[in-house]
Amino acid sequence: MILEWVSKRTDDFIAQMPKSLRKQYGQFFTSLTTARFMASLFTLPKKKELNILDAGAGSGILSIALLERIAEMPDHMIHLNGDRFLGPRQ
């Protein structure tokens, strides 16, 4: 899944970047567990088309966690930041 791939890449980055520099740059990363938990809190509407604005500036792990959850629902179209991202399953 994409979520695990993003999480692994983030972990690799964290391992090579000293904490002091991440702190200096204000870089804080959401864990895979936290992203999945936060996505589970979102009440999914019953409408077939959704618009999602990702105001984050990181790897997109929160949006990806939500998109993976929504992708399990059949026949939904998702617009992420105004672009068509994921359509109904064929």
# chains A, B, ... in the order shown; residues from 1 in each chain; ligands from 1
$ select_by_dssp --residues "range 5-64 of chain A" --states "strand (DSSP E)" --output "number ranges by chain"
A: 49-52
$ residues_around --residues "Thr34 in chain A" --least-positions-apart "3" --cutoff "10 Å" --atoms "only C-alpha atoms" --output "list of chain:residue names"
A:Thr30, A:Ser31, A:Phe37, A:Met38, A:Ala39, A:Ser40, A:Ile61, A:Leu62, A:Ala65
$ atom_distance --atom1 "CA of Gly60 in chain A" --atom2 "CA of Leu32 in chain A"
11.2 Å
$ residues_around --residues "Phe28 in chain A" --least-positions-apart "6" --cutoff "10 Å" --atoms "only C-alpha atoms" --output "list in words"
Ile14, Lys19, Arg22 and Gly58 of chain A
$ residues_around --residues "Met1 in chain A" --least-positions-apart "6" --cutoff "12 Å" --atoms "only C-alpha atoms" --output "list of chain:residue names"
A:Ser7, A:Lys8, A:Leu32, A:Ile61, A:Ile64, A:Ala65, A:Leu67, A:Glu68, A:Arg69, A:Ala71
$ write_last_selection --atoms "N, CA and C atoms" --output "PDB file, in the first residue's frame"
ATOM      1  N   SER A   7       5.420   5.906   4.765  1.00  0.00           N
ATOM      2  CA  SER A   7       5.914   5.774   6.134  1.00  0.00           C
ATOM      3  C   SER A   7       7.367   5.303   6.143  1.00  0.00           C
ATOM      4  N   LYS A   8       7.696   4.342   5.295  1.00  0.00           N
ATOM      5  CA  LYS A   8       9.068   3.828   5.222  1.00  0.00           C
ATOM      6  C   LYS A   8      10.026   4.920   4.747  1.00  0.00           C
ATOM      7  N   LEU A  32       2.720   6.351  11.182  1.00  0.00           N
ATOM      8  CA  LEU A  32       1.740   5.540  10.474  1.00  0.00           C
ATOM      9  C   LEU A  32       0.534   5.263  11.366  1.00  0.00           C
ATOM     10  N   ILE A  61       1.040  11.935   4.471  1.00  0.00           N
ATOM     11  CA  ILE A  61       0.626  10.701   5.125  1.00  0.00           C
ATOM     12  C   ILE A  61      -0.804  10.762   5.670  1.00  0.00           C
ATOM     13  N   ILE A  64      -3.128  10.439   2.635  1.00  0.00           N
ATOM     14  CA  ILE A  64      -3.035   9.080   2.099  1.00  0.00           C
ATOM     15  C   ILE A  64      -3.800   8.099   2.984  1.00  0.00           C
ATOM     16  N   ALA A  65      -3.691   8.252   4.294  1.00  0.00           N
ATOM     17  CA  ALA A  65      -4.423   7.370   5.210  1.00  0.00           C
ATOM     18  C   ALA A  65      -5.931   7.514   4.982  1.00  0.00           C
ATOM     19  N   LEU A  67      -7.397   8.661   2.177  1.00  0.00           N
ATOM     20  CA  LEU A  67      -7.713   8.163   0.837  1.00  0.00           C
ATOM     21  C   LEU A  67      -7.763   6.640   0.789  1.00  0.00           C
ATOM     22  N   GLU A  68      -6.865   5.983   1.497  1.00  0.00           N
ATOM     23  CA  GLU A  68      -6.906   4.518   1.524  1.00  0.00           C
ATOM     24  C   GLU A  68      -8.174   4.022   2.206  1.00  0.00           C
ATOM     25  N   ARG A  69      -8.610   4.739   3.225  1.00  0.00           N
ATOM     26  CA  ARG A  69      -9.865   4.359   3.890  1.00  0.00           C
ATOM     27  C   ARG A  69     -11.053   4.561   2.954  1.00  0.00           C
ATOM     28  N   ALA A  71     -10.972   4.638  -0.293  1.00  0.00           N
ATOM     29  CA  ALA A  71     -10.837   3.749  -1.456  1.00  0.00           C
ATOM     30  C   ALA A  71     -11.517   2.405  -1.232  1.00  0.00           C
TER      31      ALA A  71
END
$ closest_residue --among "A:Glu4, A:Thr43, A:Ala35, A:Arg9" --to "Ser63 in chain A" --atoms "only C-alpha atoms"
A:Ala35
$ atom_distance --atom1 "CA of Lys47 in chain A" --atom2 "CA of Glu72 in chain A"
14.5 Å
$ atom_distance --atom1 "CA of Ile52 in chain A" --atom2 "CA of Thr10 in chain A"
22.5 Å
$ decode --residues "chain A" --atoms "C-alpha atoms" --output "PDB file, in the first residue's frame"
ATOM      1  CA  MET A   1       0.000   0.000   0.000  1.00  0.00           C
ATOM      2  CA  ILE A   2       1.056   3.575  -0.565  1.00  0.00           C
ATOM      3  CA  LEU A   3       0.732   4.440   3.119  1.00  0.00           C
ATOM      4  CA  GLU A   4       3.394   1.929   4.154  1.00  0.00           C
ATOM      5  CA  TRP A   5       5.711   3.158   1.384  1.00  0.00           C
ATOM      6  CA  VAL A   6       5.384   6.801   2.517  1.00  0.00           C
ATOM      7  CA  SER A   7       5.914   5.774   6.134  1.00  0.00           C
ATOM      8  CA  LYS A   8       9.068   3.828   5.222  1.00  0.00           C
ATOM      9  CA  ARG A   9      10.482   6.752   3.213  1.00  0.00           C
ATOM     10  CA  THR A  10       9.737   9.099   6.123  1.00  0.00           C
ATOM     11  CA  ASP A  11      11.442   6.739   8.581  1.00  0.00           C
ATOM     12  CA  ASP A  12      14.485   6.586   6.288  1.00  0.00           C
ATOM     13  CA  PHE A  13      14.628  10.389   6.152  1.00  0.00           C
ATOM     14  CA  ILE A  14      14.297  10.706   9.923  1.00  0.00           C
ATOM     15  CA  ALA A  15      17.105   8.190  10.416  1.00  0.00           C
ATOM     16  CA  GLN A  16      19.525  10.228   8.281  1.00  0.00           C
ATOM     17  CA  MET A  17      18.508  13.732   9.431  1.00  0.00           C
ATOM     18  CA  PRO A  18      19.745  14.751  12.901  1.00  0.00           C
ATOM     19  CA  LYS A  19      16.950  15.603  15.320  1.00  0.00           C
ATOM     20  CA  SER A  20      18.562  18.982  16.030  1.00  0.00           C
ATOM     21  CA  LEU A  21      18.217  19.958  12.347  1.00  0.00           C
ATOM     22  CA  ARG A  22      14.638  18.701  12.123  1.00  0.00           C
ATOM     23  CA  LYS A  23      13.831  20.744  15.208  1.00  0.00           C
ATOM     24  CA  GLN A  24      15.621  23.806  13.802  1.00  0.00           C
ATOM     25  CA  TYR A  25      13.589  23.516  10.565  1.00  0.00           C
ATOM     26  CA  GLY A  26      10.361  22.832  12.465  1.00  0.00           C
ATOM     27  CA  GLN A  27       9.990  19.389  10.920  1.00  0.00           C
ATOM     28  CA  PHE A  28       7.689  17.026  12.750  1.00  0.00           C
ATOM     29  CA  PHE A  29       6.381  13.829  11.173  1.00  0.00           C
ATOM     30  CA  THR A  30       3.152  11.932  11.749  1.00  0.00           C
ATOM     31  CA  SER A  31       3.562   8.228  12.456  1.00  0.00           C
ATOM     32  CA  LEU A  32       1.740   5.540  10.474  1.00  0.00           C
ATOM     33  CA  THR A  33      -0.294   4.586  13.544  1.00  0.00           C
ATOM     34  CA  THR A  34      -1.339   8.196  14.196  1.00  0.00           C
ATOM     35  CA  ALA A  35      -2.255   8.740  10.531  1.00  0.00           C
ATOM     36  CA  ARG A  36      -4.492   5.662  10.481  1.00  0.00           C
ATOM     37  CA  PHE A  37      -6.074   6.662  13.799  1.00  0.00           C
ATOM     38  CA  MET A  38      -6.791  10.196  12.579  1.00  0.00           C
ATOM     39  CA  ALA A  39      -8.284   8.869   9.320  1.00  0.00           C
ATOM     40  CA  SER A  40     -10.565   6.612  11.351  1.00  0.00           C
ATOM     41  CA  LEU A  41     -11.974   9.666  13.157  1.00  0.00           C
ATOM     42  CA  PHE A  42     -13.259  11.205   9.921  1.00  0.00           C
ATOM     43  CA  THR A  43     -16.976  10.649   9.363  1.00  0.00           C
ATOM     44  CA  LEU A  44     -17.336   9.605   5.746  1.00  0.00           C
ATOM     45  CA  PRO A  45     -20.269  11.252   3.979  1.00  0.00           C
ATOM     46  CA  LYS A  46     -22.704   9.160   1.980  1.00  0.00           C
ATOM     47  CA  LYS A  47     -22.339  11.256  -1.168  1.00  0.00           C
ATOM     48  CA  LYS A  48     -20.536   9.725  -4.144  1.00  0.00           C
ATOM     49  CA  GLU A  49     -18.083  12.556  -4.804  1.00  0.00           C
ATOM     50  CA  LEU A  50     -15.751  14.030  -2.207  1.00  0.00           C
ATOM     51  CA  ASN A  51     -13.482  17.074  -2.206  1.00  0.00           C
ATOM     52  CA  ILE A  52     -10.480  17.003   0.123  1.00  0.00           C
ATOM     53  CA  LEU A  53      -8.137  19.911   0.739  1.00  0.00           C
ATOM     54  CA  ASP A  54      -4.782  18.817   2.135  1.00  0.00           C
ATOM     55  CA  ALA A  55      -3.350  21.883   3.828  1.00  0.00           C
ATOM     56  CA  GLY A  56      -0.314  19.955   5.064  1.00  0.00           C
ATOM     57  CA  ALA A  57       3.216  20.553   3.913  1.00  0.00           C
ATOM     58  CA  GLY A  58       4.740  17.165   4.587  1.00  0.00           C
ATOM     59  CA  SER A  59       4.760  13.764   2.945  1.00  0.00           C
ATOM     60  CA  GLY A  60       0.970  13.595   2.708  1.00  0.00           C
ATOM     61  CA  ILE A  61       0.626  10.701   5.125  1.00  0.00           C
ATOM     62  CA  LEU A  62      -2.618  12.042   6.662  1.00  0.00           C
ATOM     63  CA  SER A  63      -4.300  12.457   3.277  1.00  0.00           C
ATOM     64  CA  ILE A  64      -3.035   9.080   2.099  1.00  0.00           C
ATOM     65  CA  ALA A  65      -4.423   7.370   5.210  1.00  0.00           C
ATOM     66  CA  LEU A  66      -7.810   8.971   4.568  1.00  0.00           C
ATOM     67  CA  LEU A  67      -7.713   8.163   0.837  1.00  0.00           C
ATOM     68  CA  GLU A  68      -6.906   4.518   1.524  1.00  0.00           C
ATOM     69  CA  ARG A  69      -9.865   4.359   3.890  1.00  0.00           C
ATOM     70  CA  ILE A  70     -12.175   5.981   1.337  1.00  0.00           C
ATOM     71  CA  ALA A  71     -10.837   3.749  -1.456  1.00  0.00           C
ATOM     72  CA  GLU A  72     -12.401   0.785   0.315  1.00  0.00           C
ATOM     73  CA  MET A  73     -15.813   2.319  -0.383  1.00  0.00           C
ATOM     74  CA  PRO A  74     -17.183   1.372  -3.811  1.00  0.00           C
ATOM     75  CA  ASP A  75     -18.229   3.938  -6.416  1.00  0.00           C
ATOM     76  CA  HIS A  76     -16.673   7.093  -4.995  1.00  0.00           C
ATOM     77  CA  MET A  77     -14.815   9.847  -6.817  1.00  0.00           C
ATOM     78  CA  ILE A  78     -12.239  11.751  -4.795  1.00  0.00           C
ATOM     79  CA  HIS A  79     -10.859  15.192  -5.609  1.00  0.00           C
ATOM     80  CA  LEU A  80      -7.664  16.002  -3.708  1.00  0.00           C
ATOM     81  CA  ASN A  81      -6.798  19.708  -3.815  1.00  0.00           C
ATOM     82  CA  GLY A  82      -9.142  20.064  -6.791  1.00  0.00           C
ATOM     83  CA  ASP A  83      -7.622  17.290  -8.939  1.00  0.00           C
ATOM     84  CA  ARG A  84      -9.363  14.010  -9.672  1.00  0.00           C
ATOM     85  CA  PHE A  85      -7.366  11.486  -7.699  1.00  0.00           C
ATOM     86  CA  LEU A  86      -9.278   8.264  -7.454  1.00  0.00           C
ATOM     87  CA  GLY A  87     -12.348   7.101  -9.323  1.00  0.00           C
ATOM     88  CA  PRO A  88     -14.817   4.295  -8.978  1.00  0.00           C
ATOM     89  CA  ARG A  89     -13.381   0.817  -9.066  1.00  0.00           C
ATOM     90  CA  GLN A  90     -13.790  -0.857 -12.439  1.00  0.00           C
TER      91      GLN A  90
END
